[in-house]
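Here is structure.cif, consisting of mmCIF, C-alpha atoms and all ligand atoms:
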data_protein
#
loop_
_atom_site.label_atom_id
_atom_site.label_comp_id
_atom_site.auth_asym_id
_atom_site.auth_seq_id
_atom_site.Cartn_x
_atom_site.Cartn_y
_atom_site.Cartn_z
CA MET I 1 -45.91 12.79 58.84
CA ASN I 2 -43.35 14.69 56.81
CA ASN I 3 -42.32 12.65 53.80
CA LYS I 4 -40.76 15.45 51.71
CA TYR I 5 -37.12 16.40 52.23
CA ASP I 6 -34.65 18.70 50.49
CA VAL I 7 -32.23 15.79 50.37
CA ILE I 8 -32.56 12.03 50.83
CA VAL I 9 -29.30 10.14 51.36
CA ILE I 10 -29.39 6.36 50.93
CA GLY I 11 -26.81 4.44 53.00
CA ALA I 12 -25.72 5.49 56.50
CA GLY I 13 -22.04 4.67 56.16
CA ALA I 14 -19.04 7.01 56.16
CA ALA I 15 -19.93 8.90 52.97
CA GLY I 16 -23.68 9.13 53.64
CA LEU I 17 -23.19 10.47 57.15
CA MET I 18 -20.68 13.09 56.02
CA CYS I 19 -22.91 14.23 53.16
CA SER I 20 -25.96 14.48 55.48
CA ILE I 21 -24.03 16.61 57.99
CA GLU I 22 -22.78 19.00 55.33
CA ALA I 23 -26.16 19.34 53.61
CA GLY I 24 -27.73 19.92 57.05
CA LYS I 25 -25.20 22.69 57.78
CA ARG I 26 -26.50 24.46 54.68
CA GLY I 27 -30.00 24.49 56.16
CA LYS I 28 -31.34 21.59 54.07
CA SER I 29 -33.82 19.13 55.53
CA VAL I 30 -32.07 15.77 55.25
CA CYS I 31 -33.36 12.22 55.61
CA LEU I 32 -30.72 9.46 55.81
CA LEU I 33 -31.99 5.95 55.02
CA GLU I 34 -30.34 2.75 56.21
CA HIS I 35 -31.71 -0.71 55.55
CA THR I 36 -30.02 -2.47 58.50
CA SER I 37 -30.70 -1.88 62.19
CA LYS I 38 -27.29 -0.22 62.78
CA ILE I 39 -25.58 2.66 61.06
CA ALA I 40 -21.88 2.81 60.12
CA GLU I 41 -21.13 -0.85 60.70
CA LYS I 42 -18.04 -0.73 58.48
CA ILE I 43 -16.59 2.09 60.53
CA ARG I 44 -17.18 -0.01 63.66
CA ILE I 45 -15.23 -3.01 62.35
CA SER I 46 -12.58 -0.99 60.52
CA GLY I 47 -8.91 -0.88 61.40
CA GLY I 48 -9.28 -3.83 63.77
CA GLY I 49 -11.89 -1.86 65.78
CA ARG I 50 -9.81 1.33 65.93
CA CYS I 51 -10.73 2.80 62.52
CA ASN I 52 -7.84 3.96 60.36
CA PHE I 53 -9.90 7.06 59.59
CA THR I 54 -7.50 8.84 57.24
CA ASN I 55 -3.93 9.00 56.03
CA LEU I 56 -1.61 12.00 56.36
CA TYR I 57 -0.34 11.42 52.82
CA SER I 58 -3.63 10.62 51.08
CA ASP I 59 -3.84 11.99 47.55
CA ASP I 60 -4.89 10.80 44.09
CA ASN I 61 -1.74 8.61 43.86
CA ASN I 62 -3.30 6.27 46.43
CA PHE I 63 -6.31 5.43 44.29
CA LEU I 64 -7.31 3.15 41.43
CA SER I 65 -9.95 4.25 38.95
CA GLU I 66 -10.46 4.28 35.19
CA ASN I 67 -10.05 8.05 35.60
CA ILE I 68 -7.47 8.70 38.30
CA HIS I 69 -8.00 12.46 38.04
CA PHE I 70 -11.66 12.23 39.08
CA CYS I 71 -11.01 12.27 42.84
CA LYS I 72 -8.73 15.36 42.79
CA SER I 73 -11.50 17.92 43.06
CA ALA I 74 -13.11 16.30 46.12
CA PHE I 75 -9.70 15.94 47.81
CA SER I 76 -8.89 19.59 47.21
CA LYS I 77 -12.19 20.70 48.77
CA TYR I 78 -11.99 18.45 51.84
CA THR I 79 -8.58 17.20 52.89
CA GLN I 80 -7.34 14.84 55.58
CA LEU I 81 -6.55 17.93 57.69
CA ASP I 82 -10.21 18.95 57.56
CA PHE I 83 -11.23 15.55 58.90
CA ILE I 84 -8.44 15.58 61.50
CA ASN I 85 -9.73 18.96 62.71
CA LEU I 86 -13.21 17.49 63.10
CA VAL I 87 -11.78 14.57 65.09
CA LYS I 88 -9.81 17.03 67.29
CA LYS I 89 -12.91 19.19 67.80
CA HIS I 90 -14.57 16.12 69.33
CA SER I 91 -11.51 15.47 71.53
CA ILE I 92 -10.98 12.03 70.02
CA GLU I 93 -7.46 10.83 70.74
CA PHE I 94 -5.58 9.26 67.86
CA HIS I 95 -2.11 8.19 66.79
CA GLU I 96 -0.12 7.52 63.64
CA LYS I 97 0.53 3.80 63.43
CA LYS I 98 2.83 3.82 60.38
CA LEU I 99 3.04 5.32 56.89
CA GLY I 100 0.73 8.23 57.80
CA GLN I 101 -2.12 5.92 58.92
CA LEU I 102 -4.18 7.58 61.67
CA PHE I 103 -6.08 5.35 64.11
CA CYS I 104 -8.29 6.11 67.14
CA ASN I 105 -6.50 5.44 70.44
CA LYS I 106 -9.65 4.01 71.98
CA SER I 107 -12.26 2.74 69.56
CA ALA I 108 -13.83 3.20 66.14
CA LYS I 109 -17.04 3.90 68.04
CA ASP I 110 -15.62 7.36 68.82
CA ILE I 111 -15.83 8.22 65.11
CA ILE I 112 -19.39 6.89 64.87
CA GLU I 113 -20.47 8.88 67.94
CA MET I 114 -18.86 11.99 66.46
CA LEU I 115 -20.76 11.59 63.20
CA ILE I 116 -24.05 10.89 64.99
CA SER I 117 -23.64 13.94 67.20
CA GLU I 118 -22.91 16.11 64.13
CA CYS I 119 -26.03 14.69 62.44
CA GLU I 120 -28.09 15.49 65.53
CA LYS I 121 -26.78 19.05 65.51
CA GLN I 122 -27.98 19.45 61.92
CA ARG I 123 -31.31 17.72 62.65
CA VAL I 124 -30.64 14.96 60.12
CA LYS I 125 -33.50 12.46 60.26
CA ILE I 126 -31.90 8.99 60.36
CA LYS I 127 -34.30 6.18 59.46
CA ILE I 128 -32.91 2.70 60.11
CA GLU I 129 -34.51 -0.60 59.00
CA THR I 130 -35.87 1.14 55.93
CA LYS I 131 -36.11 -1.17 52.94
CA ILE I 132 -36.27 0.61 49.63
CA ASN I 133 -38.62 -1.05 47.19
CA THR I 134 -38.35 1.39 44.28
CA LEU I 135 -36.67 4.66 43.37
CA ASN I 136 -38.18 6.58 40.45
CA LYS I 137 -37.89 9.98 38.89
CA THR I 138 -41.08 11.92 38.16
CA LYS I 139 -41.46 15.28 36.43
CA ASP I 140 -41.03 17.16 39.73
CA CYS I 141 -38.89 15.00 41.99
CA TYR I 142 -37.64 11.54 42.93
CA VAL I 143 -40.04 9.14 44.69
CA ILE I 144 -38.76 6.42 46.98
CA LYS I 145 -41.18 3.67 48.01
CA THR I 146 -40.10 2.02 51.27
CA ASN I 147 -41.49 -0.49 53.75
CA THR I 148 -42.50 2.45 55.93
CA GLY I 149 -44.08 4.62 53.25
CA ASP I 150 -43.26 6.87 50.32
CA LEU I 151 -40.62 9.63 50.45
CA PHE I 152 -40.09 12.55 48.07
CA SER I 153 -37.08 14.72 47.26
CA SER I 154 -35.49 16.60 44.40
CA SER I 155 -32.00 15.46 45.52
CA ILE I 156 -31.11 11.82 46.05
CA VAL I 157 -27.63 10.76 47.15
CA ILE I 158 -26.61 7.13 46.63
CA ALA I 159 -24.10 6.24 49.37
CA THR I 160 -24.68 2.49 49.62
CA GLY I 161 -21.01 1.50 49.33
CA GLY I 162 -19.58 -1.64 47.72
CA LEU I 163 -20.20 -5.37 47.92
CA SER I 164 -17.78 -6.40 50.65
CA ILE I 165 -19.01 -8.03 53.87
CA PRO I 166 -22.66 -8.66 52.93
CA LYS I 167 -23.39 -9.96 56.43
CA ILE I 168 -23.16 -6.43 57.85
CA GLY I 169 -25.31 -4.82 55.17
CA ALA I 170 -23.47 -4.53 51.85
CA THR I 171 -25.77 -4.74 48.82
CA ASP I 172 -25.63 -4.07 45.10
CA PHE I 173 -28.29 -1.36 45.46
CA GLY I 174 -26.10 1.47 44.15
CA TYR I 175 -25.07 -0.45 41.03
CA LYS I 176 -28.70 -1.42 40.35
CA VAL I 177 -29.79 2.23 40.62
CA ALA I 178 -26.98 3.17 38.23
CA LYS I 179 -28.16 0.58 35.70
CA GLN I 180 -31.79 1.65 36.13
CA PHE I 181 -30.76 5.19 35.19
CA ASN I 182 -28.63 3.94 32.28
CA LEU I 183 -25.29 4.72 33.87
CA LYS I 184 -22.26 2.56 33.13
CA VAL I 185 -20.82 0.48 35.95
CA THR I 186 -17.24 -0.74 35.47
CA LYS I 187 -16.32 -4.35 36.18
CA LEU I 188 -16.37 -5.12 39.92
CA TYR I 189 -13.79 -7.14 41.84
CA PRO I 190 -13.20 -7.85 45.52
CA ALA I 191 -10.05 -5.93 46.54
CA LEU I 192 -7.84 -5.51 49.61
CA VAL I 193 -8.51 -9.21 50.03
CA PRO I 194 -6.43 -12.31 50.92
CA LEU I 195 -5.22 -14.56 48.06
CA ILE I 196 -5.91 -18.29 48.06
CA PHE I 197 -4.24 -21.44 46.69
CA ASP I 198 -5.03 -25.10 46.11
CA ASN I 199 -3.11 -28.38 46.12
CA GLU I 200 0.54 -28.32 47.21
CA MET I 201 0.75 -24.56 47.67
CA LEU I 202 -2.32 -24.64 49.90
CA GLU I 203 -0.74 -27.36 52.05
CA PHE I 204 2.47 -25.31 52.27
CA CYS I 205 0.59 -22.18 53.42
CA LYS I 206 -1.66 -24.12 55.80
CA SER I 207 1.37 -25.64 57.52
CA LEU I 208 2.62 -22.10 58.17
CA ALA I 209 -0.71 -20.50 59.14
CA GLY I 210 -0.18 -17.61 61.54
CA ILE I 211 3.47 -16.99 60.62
CA SER I 212 4.27 -13.50 59.40
CA VAL I 213 7.25 -11.88 57.70
CA ASN I 214 8.06 -8.55 56.11
CA ALA I 215 7.78 -9.08 52.38
CA SER I 216 8.12 -7.25 49.14
CA VAL I 217 5.26 -8.24 46.86
CA LYS I 218 5.17 -7.44 43.17
CA ILE I 219 2.98 -7.60 40.07
CA ASN I 220 4.63 -6.08 37.01
CA LYS I 221 5.96 -2.70 38.21
CA THR I 222 3.69 -2.41 41.25
CA VAL I 223 5.47 -3.27 44.51
CA PHE I 224 4.34 -3.16 48.14
CA ASP I 225 6.77 -3.62 51.04
CA GLU I 226 4.75 -4.55 54.10
CA GLY I 227 3.79 -7.54 56.22
CA LEU I 228 2.71 -10.93 54.82
CA ILE I 229 0.95 -13.60 56.85
CA PHE I 230 0.34 -17.25 55.93
CA THR I 231 -3.27 -18.38 56.41
CA HIS I 232 -5.26 -21.61 56.27
CA ARG I 233 -6.32 -20.69 52.74
CA GLY I 234 -3.24 -18.93 51.35
CA ILE I 235 -1.61 -15.58 52.08
CA SER I 236 -2.76 -12.31 53.59
CA GLY I 237 -1.32 -9.31 55.46
CA PRO I 238 -0.98 -5.69 54.32
CA SER I 239 1.34 -6.35 51.36
CA ILE I 240 -0.98 -9.05 49.98
CA LEU I 241 -4.15 -6.99 50.54
CA GLN I 242 -2.50 -4.10 48.69
CA ILE I 243 -1.35 -6.21 45.73
CA SER I 244 -4.76 -7.95 45.50
CA SER I 245 -6.18 -4.73 44.02
CA PHE I 246 -3.79 -5.21 41.07
CA TRP I 247 -4.22 -8.98 40.71
CA LYS I 248 -6.29 -10.56 37.95
CA ALA I 249 -7.00 -14.31 37.48
CA ALA I 250 -4.01 -16.43 36.43
CA LYS I 251 -1.51 -13.60 36.97
CA PRO I 252 1.66 -14.52 38.86
CA VAL I 253 2.67 -12.64 42.01
CA THR I 254 6.35 -12.41 42.91
CA ILE I 255 7.12 -12.38 46.60
CA ASN I 256 10.44 -11.62 48.26
CA LEU I 257 10.22 -13.19 51.71
CA LEU I 258 13.55 -11.67 52.75
CA PRO I 259 13.70 -8.30 50.98
CA GLU I 260 16.63 -6.91 52.93
CA TYR I 261 19.05 -9.70 52.02
CA ASP I 262 20.50 -11.45 48.98
CA LEU I 263 20.18 -15.04 50.20
CA ASP I 264 22.39 -16.47 47.46
CA GLN I 265 25.34 -14.41 48.70
CA ILE I 266 24.60 -15.21 52.34
CA LEU I 267 24.46 -18.97 51.77
CA LYS I 268 27.68 -18.97 49.74
CA ALA I 269 29.43 -17.02 52.51
CA ARG I 270 28.04 -19.35 55.20
CA ARG I 271 29.38 -22.37 53.27
CA VAL I 272 32.83 -21.04 54.22
CA GLU I 273 31.99 -19.56 57.66
CA THR I 274 29.70 -22.27 59.12
CA PRO I 275 30.17 -25.34 56.86
CA LYS I 276 28.73 -27.81 59.36
CA GLN I 277 25.39 -26.09 59.79
CA ASN I 278 22.26 -27.38 58.06
CA ILE I 279 20.63 -25.01 55.61
CA SER I 280 17.40 -24.75 57.60
CA ARG I 281 19.44 -23.75 60.67
CA ILE I 282 21.10 -20.98 58.65
CA LEU I 283 17.80 -19.82 57.16
CA SER I 284 16.31 -19.58 60.64
CA ASP I 285 18.79 -16.77 61.37
CA TYR I 286 16.77 -14.73 58.87
CA LEU I 287 13.29 -16.27 58.73
CA PRO I 288 10.92 -17.74 61.36
CA ASN I 289 12.04 -21.31 62.23
CA ARG I 290 8.96 -23.01 60.82
CA LEU I 291 9.23 -21.13 57.53
CA ALA I 292 12.94 -21.93 57.26
CA GLU I 293 12.21 -25.64 57.73
CA ALA I 294 9.20 -25.61 55.40
CA VAL I 295 11.23 -24.05 52.57
CA CYS I 296 13.96 -26.68 52.90
CA ASN I 297 11.42 -29.52 53.14
CA LYS I 298 9.47 -28.24 50.15
CA LEU I 299 12.61 -28.13 48.00
CA LYS I 300 13.85 -31.39 49.56
CA ILE I 301 17.20 -29.76 50.31
CA ASN I 302 18.07 -29.92 53.98
CA ILE I 303 21.67 -30.91 54.27
CA LYS I 304 24.87 -29.35 55.61
CA ILE I 305 25.67 -26.13 53.81
CA ALA I 306 29.16 -27.48 53.00
CA ASP I 307 27.53 -30.26 50.95
CA THR I 308 25.13 -27.98 49.10
CA SER I 309 25.79 -27.27 45.44
CA ASN I 310 25.55 -23.80 43.90
CA GLU I 311 22.52 -25.07 41.99
CA ASN I 312 20.70 -25.97 45.20
CA ILE I 313 21.71 -22.67 46.83
CA LYS I 314 20.20 -20.94 43.81
CA LYS I 315 16.96 -22.94 44.18
CA ILE I 316 16.64 -21.95 47.84
CA SER I 317 17.53 -18.31 47.28
CA GLU I 318 15.07 -18.04 44.40
CA PHE I 319 12.33 -19.53 46.52
CA VAL I 320 12.98 -17.04 49.31
CA ASN I 321 13.91 -13.92 47.33
CA GLN I 322 11.70 -14.49 44.27
CA TRP I 323 8.85 -16.79 45.25
CA THR I 324 6.52 -16.72 42.26
CA VAL I 325 3.00 -17.95 42.86
CA ILE I 326 -0.23 -18.05 40.90
CA PRO I 327 -3.17 -17.79 43.30
CA ILE I 328 -6.34 -19.62 42.29
CA GLY I 329 -8.41 -16.66 43.45
CA THR I 330 -9.21 -14.37 46.35
CA GLU I 331 -11.29 -14.90 49.49
CA GLY I 332 -13.97 -12.81 47.76
CA TYR I 333 -16.45 -10.27 49.10
CA LYS I 334 -16.86 -12.20 52.36
CA THR I 335 -13.56 -10.81 53.62
CA ALA I 336 -12.55 -8.12 51.08
CA GLU I 337 -12.20 -4.63 52.52
CA VAL I 338 -13.43 -2.92 49.37
CA THR I 339 -14.90 -3.33 45.91
CA LEU I 340 -12.63 -2.37 43.04
CA GLY I 341 -14.58 -0.61 40.28
CA GLY I 342 -18.03 0.89 40.51
CA VAL I 343 -20.26 3.51 38.93
CA ASP I 344 -18.25 4.91 36.03
CA THR I 345 -16.85 8.33 36.99
CA LYS I 346 -17.50 9.54 33.42
CA GLU I 347 -21.17 9.62 34.40
CA ILE I 348 -20.54 11.94 37.38
CA SER I 349 -19.40 15.55 37.72
CA SER I 350 -16.15 15.55 39.72
CA SER I 351 -16.92 19.02 41.11
CA THR I 352 -20.39 18.19 42.51
CA MET I 353 -20.79 14.36 42.52
CA GLU I 354 -24.02 14.85 40.60
CA CYS I 355 -24.90 12.54 37.77
CA LYS I 356 -24.41 14.29 34.41
CA LYS I 357 -27.49 12.68 32.82
CA HIS I 358 -29.94 13.07 35.74
CA SER I 359 -30.00 16.27 37.74
CA GLY I 360 -30.59 15.72 41.43
CA LEU I 361 -29.06 12.23 41.48
CA TYR I 362 -25.69 11.99 43.27
CA PHE I 363 -23.24 9.11 43.91
CA ILE I 364 -20.57 9.21 46.63
CA GLY I 365 -18.11 6.94 48.42
CA GLU I 366 -17.18 3.40 47.53
CA VAL I 367 -20.07 2.82 45.11
CA LEU I 368 -18.10 4.90 42.60
CA ASP I 369 -15.16 3.60 40.59
CA VAL I 370 -12.65 5.11 43.04
CA THR I 371 -10.76 2.58 45.17
CA GLY I 372 -8.07 3.46 47.67
CA HIS I 373 -5.00 1.60 48.78
CA LEU I 374 -4.98 0.17 52.28
CA GLY I 375 -4.18 2.72 54.99
CA GLY I 376 -7.09 5.12 55.60
CA HIS I 377 -7.46 6.26 51.99
CA ASN I 378 -10.89 4.69 51.47
CA PHE I 379 -12.37 6.57 54.41
CA GLN I 380 -10.76 9.80 53.19
CA TRP I 381 -12.53 9.27 49.85
CA ALA I 382 -15.83 8.72 51.69
CA TRP I 383 -15.36 11.94 53.73
CA SER I 384 -14.20 14.05 50.75
CA SER I 385 -16.83 12.86 48.26
CA GLY I 386 -19.54 13.06 50.96
CA PHE I 387 -18.49 16.61 51.82
CA LEU I 388 -18.52 17.69 48.17
CA ALA I 389 -22.00 16.30 47.49
CA GLY I 390 -23.17 17.91 50.75
CA GLN I 391 -22.14 21.31 49.37
CA ASN I 392 -24.06 20.81 46.15
CA VAL I 393 -27.29 18.95 46.89
C1 LIG H 1 -13.17 -5.14 57.58
C2 LIG H 1 -12.97 -3.79 56.93
C3 LIG H 1 -12.05 -2.91 57.46
C4 LIG H 1 -11.84 -1.67 56.86
N1 LIG H 1 -10.93 -0.82 57.43
C5 LIG H 1 -10.72 0.39 56.85
C6 LIG H 1 -9.85 1.32 57.45
O1 LIG H 1 -9.35 1.12 58.58
N2 LIG H 1 -9.60 2.49 56.79
C7 LIG H 1 -10.20 2.79 55.58
O2 LIG H 1 -9.95 3.87 55.03
N3 LIG H 1 -11.08 1.92 55.02
C8 LIG H 1 -11.36 0.76 55.62
N4 LIG H 1 -12.26 -0.09 55.07
C9 LIG H 1 -12.99 0.35 53.85
C10 LIG H 1 -14.09 1.34 54.27
O3 LIG H 1 -14.83 0.77 55.34
C11 LIG H 1 -15.03 1.64 53.11
O4 LIG H 1 -14.31 2.00 51.96
C12 LIG H 1 -15.98 2.76 53.50
O5 LIG H 1 -16.76 2.35 54.60
C13 LIG H 1 -16.89 3.14 52.33
O6 LIG H 1 -17.80 4.09 52.78
P1 LIG H 1 -19.22 4.24 52.10
O7 LIG H 1 -19.98 5.18 52.95
O8 LIG H 1 -19.08 4.49 50.67
O9 LIG H 1 -19.89 2.78 52.24
P2 LIG H 1 -20.26 1.95 53.55
O10 LIG H 1 -19.46 2.41 54.71
O11 LIG H 1 -20.18 0.53 53.15
O12 LIG H 1 -21.76 2.36 53.84
C14 LIG H 1 -22.83 1.97 53.01
C15 LIG H 1 -24.08 1.91 53.85
O13 LIG H 1 -25.18 1.70 52.98
C16 LIG H 1 -26.03 0.73 53.53
N5 LIG H 1 -26.82 0.12 52.46
C17 LIG H 1 -26.41 -0.78 51.55
N6 LIG H 1 -27.45 -1.11 50.75
C18 LIG H 1 -28.51 -0.39 51.16
C19 LIG H 1 -29.86 -0.29 50.73
N7 LIG H 1 -30.32 -1.04 49.72
N8 LIG H 1 -30.69 0.55 51.38
C20 LIG H 1 -30.23 1.30 52.42
N9 LIG H 1 -28.97 1.24 52.89
C21 LIG H 1 -28.10 0.40 52.25
C22 LIG H 1 -25.08 -0.23 54.23
O14 LIG H 1 -25.75 -1.02 55.19
C23 LIG H 1 -24.09 0.76 54.84
O15 LIG H 1 -24.52 1.23 56.09
C24 LIG H 1 -12.54 -1.32 55.67
C25 LIG H 1 -13.49 -2.20 55.16
C26 LIG H 1 -13.72 -3.41 55.78
C27 LIG H 1 -14.76 -4.33 55.20
#
Go ahead and render the structure in this file as C-alpha cells.
Amino acid sequence: MNNKYDVIVIGAGAAGLMCSIEAGKRGKSVCLLEHTSKIAEKIRISGGGRCNFTNLYSDDNNFLSENIHFCKSAFSKYTQLDFINLVKKHSIEFHEKKLGQLFCNKSAKDIIEMLISECEKQRVKIKIETKINTLNKTKDCYVIKTNTGDLFSSSIVIATGGLSIPKIGATDFGYKVAKQFNLKVTKLYPALVPLIFDNEMLEFCKSLAGISVNASVKINKTVFDEGLIFTHRGISGPSILQISSFWKAAKPVTINLLPEYDLDQILKARRVETPKQNISRILSDYLPNRLAEAVCNKLKINIKIADTSNENIKKISEFVNQWTVIPIGTEGYKTAEVTLGGVDTKEISSSTMECKKHSGLYFIGEVLDVTGHLGGHNFQWAWSSGFLAGQNV
C-alpha cells in the first residue's frame, strides 16, 4: 500500500479540495484526508442549499483580519472570474441573487460534484473516515499517524476550517497543529451569527419571531443595510449576521427598523392629516402590523395620534429609527457561519501559504485569520488560498 505522497491535504472542504486539484494538475501525488464520512458538508448546506459560491465584487475590502493585506496576493492569483469559469466549464447554471452574490440555480451539490470530478481527473486519493492521531515533523518529512495507518509527505496542507457547526465535522484540529508548531493563533469568535437577548428584550423578539424588515444596523462606523428577522432567541438576518463579526460583548448595536423614513416627521405630519388614527395603525403603513403593535405596546403609547405629545412621538421614532440594544451574546458556533480569527497570518507567507517557520507546512481557508463578510466571500477565500497553496506545495 502506498503511504508516501508528494502532498497530504487535511480537510476535504472547499479549500482542501481546490488545493488538491491544483497540486494534482502539477503532477503531484495528492492524498486528501477527511475525518467524517462525507466530504464538503459545508458546501452542501451553504447558501440555503444553493451555495453562494462567490461574489462578483469580492476583494480585500470584504474581509476582516489582523492583516487585511494578507489576502491580496491569493485574490490576485485566483479571482472570482477564475472560479466562475470553472463553474461554466462544468455547465453549472447560476444566477446573481443580489449585491454580486452568485448562487447555483439547482443545488450546492453541483459544486461538490464539480470538485469531485476535478479531483478524479487529477487522481487525488480521497480518504474519508480517517482520524488523525498525530502529526509530526522528522528530519526528512512529516509523518501522520491515522486510524488506518501511517502516512508520509514533505508537504502538509492544513485545510480543516473553523469551529462552526461541529455536528457536521468542524474541529479545532488546525489551531492545535498551529500551537504544536509554535504558531500564534489569534482570538477566535463565532461570526456571521444571530444575536441573542434575555429578559424583556427576549420576550419582545420572541413575540415577533418570523417577522422580517429591511434594516440598517450599525456599530460605531460600520453599517450594513440588509434584512433583519426576529427569532425565538433574538435577532438574525443578513444585516445582523454581518454586524455580528464586528460585535464584542457588552457593545451596543444601533438598529434603524425603518431606514428609508424619518418617523418623527411622518408622525408629526399625520397628527394633522389623520388625527383620529391610532399610532399603531399609522406605524403599520410602514412596518409589519405585529411589529407596529409591539412597538406601541412596549412603549405603552397606543393612543390617537392627535392626543400624542411631541415627547411620545420622539420616543416612538427613536425606538424605530434608532433602536439601541445590547445583546447578551451570540448563538455561538452551533449556528455561526464562520469563525472570526485563526492562525495568525504573520506566521504564513502570503505568496505561497507556507508557514514561515516550518517549510512544507501550509495553512489555507477558514483556519487562517481571514474572515469574509456574508455573500460568497468566504468561499472565494477558500478557492483563492487553496489555489495558491496548490501552486506551491
Ligand atoms: C450554514 C453555513 C452556510 C454557509 N454559506 C456560505 C455561502 O453561501 N457562501 C460562502 O462564501 N460561505 C458560506 N459559509 C462559510 C463557508 O462554508 C466556509 O467559510 C468555508 O466552507 C471554509 O472552507 P474551508 O475549506 O476552509 O473549511 P471547511 O469547508 O469547513 O472544510 C474543512 C473540512 O475539514 C474537515 N476536518 C475538520 N477537522 C478535521 C480533522 N481533524 N481531520 C480531518 N478532517 C477534518 C471537516 O470535516 C471539513 O470537511 C457557510 C457556512 C455555514 C456554516
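Put simply, CA of Ser76 in chain I is 23.6 Å away from atom C25 of ligand LIG 1 (chain H).
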Please provide as a compact mmCIF listing (two decimals) with C-alpha atoms, in the frame of the given file all residues within 9 Å of range 328-342 of chain I, with the sequence filter that same-chain residues fewer than 5 positions apart are discarded (counting all atoms listed in the file).
# COMPACT_ATOMS: atom_id res chain seq x y z
CA SER I 46 -12.58 -0.99 60.52
CA LEU I 64 -7.31 3.15 41.43
CA SER I 65 -9.95 4.25 38.95
CA GLU I 66 -10.46 4.28 35.19
CA GLY I 161 -21.01 1.50 49.33
CA GLY I 162 -19.58 -1.64 47.72
CA LEU I 163 -20.20 -5.37 47.92
CA SER I 164 -17.78 -6.40 50.65
CA ILE I 165 -19.01 -8.03 53.87
CA PRO I 166 -22.66 -8.66 52.93
CA LYS I 167 -23.39 -9.96 56.43
CA GLY I 174 -26.10 1.47 44.15
CA TYR I 175 -25.07 -0.45 41.03
CA LYS I 184 -22.26 2.56 33.13
CA VAL I 185 -20.82 0.48 35.95
CA THR I 186 -17.24 -0.74 35.47
CA LYS I 187 -16.32 -4.35 36.18
CA LEU I 188 -16.37 -5.12 39.92
CA TYR I 189 -13.79 -7.14 41.84
CA PRO I 190 -13.20 -7.85 45.52
CA ALA I 191 -10.05 -5.93 46.54
CA LEU I 192 -7.84 -5.51 49.61
CA VAL I 193 -8.51 -9.21 50.03
CA PRO I 194 -6.43 -12.31 50.92
CA LEU I 195 -5.22 -14.56 48.06
CA ILE I 196 -5.91 -18.29 48.06
CA PHE I 197 -4.24 -21.44 46.69
CA ASP I 198 -5.03 -25.10 46.11
CA ARG I 233 -6.32 -20.69 52.74
CA LEU I 241 -4.15 -6.99 50.54
CA SER I 244 -4.76 -7.95 45.50
CA SER I 245 -6.18 -4.73 44.02
CA LYS I 248 -6.29 -10.56 37.95
CA ALA I 249 -7.00 -14.31 37.48
CA ALA I 250 -4.01 -16.43 36.43
CA GLU I 366 -17.18 3.40 47.53
CA VAL I 367 -20.07 2.82 45.11
CA LEU I 368 -18.10 4.90 42.60
CA ASP I 369 -15.16 3.60 40.59
CA VAL I 370 -12.65 5.11 43.04
CA THR I 371 -10.76 2.58 45.17
CA GLY I 372 -8.07 3.46 47.67
CA LEU I 374 -4.98 0.17 52.28
CA ASN I 378 -10.89 4.69 51.47
Fewer than 6 positions away in the same chain doesn't count, so skip those; otherwise give me all residues within 12 Å of Ala178 in chain I, counting all atoms listed in the file, as a ChimeraX atom specification.
/I:135-136,157-160,172,184-186,342-345,347-348,355,357-358,361-363,367-368
Taking all atoms listed in the file into account, which residues are within 7 Å of ligand LIG 1 (chain H), as a ChimeraX atom specification?
/I:10-16,33-36,39-43,45-48,51-54,130-132,159-162,164-165,168-173,335-338,364-367,374-380,382
Identify, on the basis of only C-alpha atoms, every residue whose closest approach to Leu228 in chain I does not exceed 7 Å; exclude the query and any residue fewer than 6 positions from it along the same chain; express the result as an MDAnalysis selection string.
chainID I and resid 212:215 235:240
Nearest to Leu115 in chain I by atom-to-atom distance, counting only C-alpha atoms, from I:Leu287, I:Leu99, I:Ile21, I:Ile313:
I:Ile21
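By chain and then residue number, the residues within 12 Å of Pro275 in chain I are Leu267, Lys268, Ala269, Arg270, Arg271, Val272, Asn278, Ile279, Arg281, Ile282, Ile303, Lys304, Ile305, Ala306, Asp307 and Thr308 of chain I, counting only C-alpha atoms and disregarding those fewer than 3 positions away in sequence.
Closest approach to Cys141 in chain I from the set I:Ser73, I:Asn3, I:Asn62, I:Ser155 is made by I:Ser155, with distances taken over all atoms listed in the file.
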Spatial sel., origin (2.2, -28.1, 47.1), limit 12 Å, all atoms listed in the file, listed as a CSV table (one decimal) with C-alpha atoms, in the coordinates of the input:
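Contents of result_10.csv, freshly written:
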chain,number,residue,atom,x,y,z
I,197,PHE,CA,-4.2,-21.4,46.7
I,198,ASP,CA,-5.0,-25.1,46.1
I,199,ASN,CA,-3.1,-28.4,46.1
I,200,GLU,CA,0.5,-28.3,47.2
I,201,MET,CA,0.8,-24.6,47.7
I,202,LEU,CA,-2.3,-24.6,49.9
I,203,GLU,CA,-0.7,-27.4,52.0
I,204,PHE,CA,2.5,-25.3,52.3
I,205,CYS,CA,0.6,-22.2,53.4
I,206,LYS,CA,-1.7,-24.1,55.8
I,207,SER,CA,1.4,-25.6,57.5
I,234,GLY,CA,-3.2,-18.9,51.4
I,294,ALA,CA,9.2,-25.6,55.4
I,295,VAL,CA,11.2,-24.0,52.6
I,297,ASN,CA,11.4,-29.5,53.1
I,298,LYS,CA,9.5,-28.2,50.2
I,299,LEU,CA,12.6,-28.1,48.0
I,325,VAL,CA,3.0,-18.0,42.9
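Proximity to Ala23 in chain I was assessed for I:Asp262, I:Asp59, I:Asp110, I:Glu118 counting all atoms listed in the file; the smallest distance is recorded for I:Glu118.
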Please work out which residues fall within 8 Å of (-28.5, 22.0, 52.5), coordinates as given in the file, with only C-alpha atoms counting, and return them as a PyMOL selection string.
chain I and resi 6-7+22-30+390-393
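Nearest to Ile144 in chain I of all the residues I:Ser280, I:Gln101, I:Ser58, I:Val177 is I:Val177, counting all atoms listed in the file.
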Would you compute the distance between CA of Gly100 in chain I and CA of Asn55 in chain I? Give it in Å to one decimal.
5.0 Å
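Distances from I:Ile111, I:Ile266, I:Leu283, I:Cys296 to Lys89 in chain I were compared using all atoms listed in the file, and the smallest one belongs to I:Ile111.
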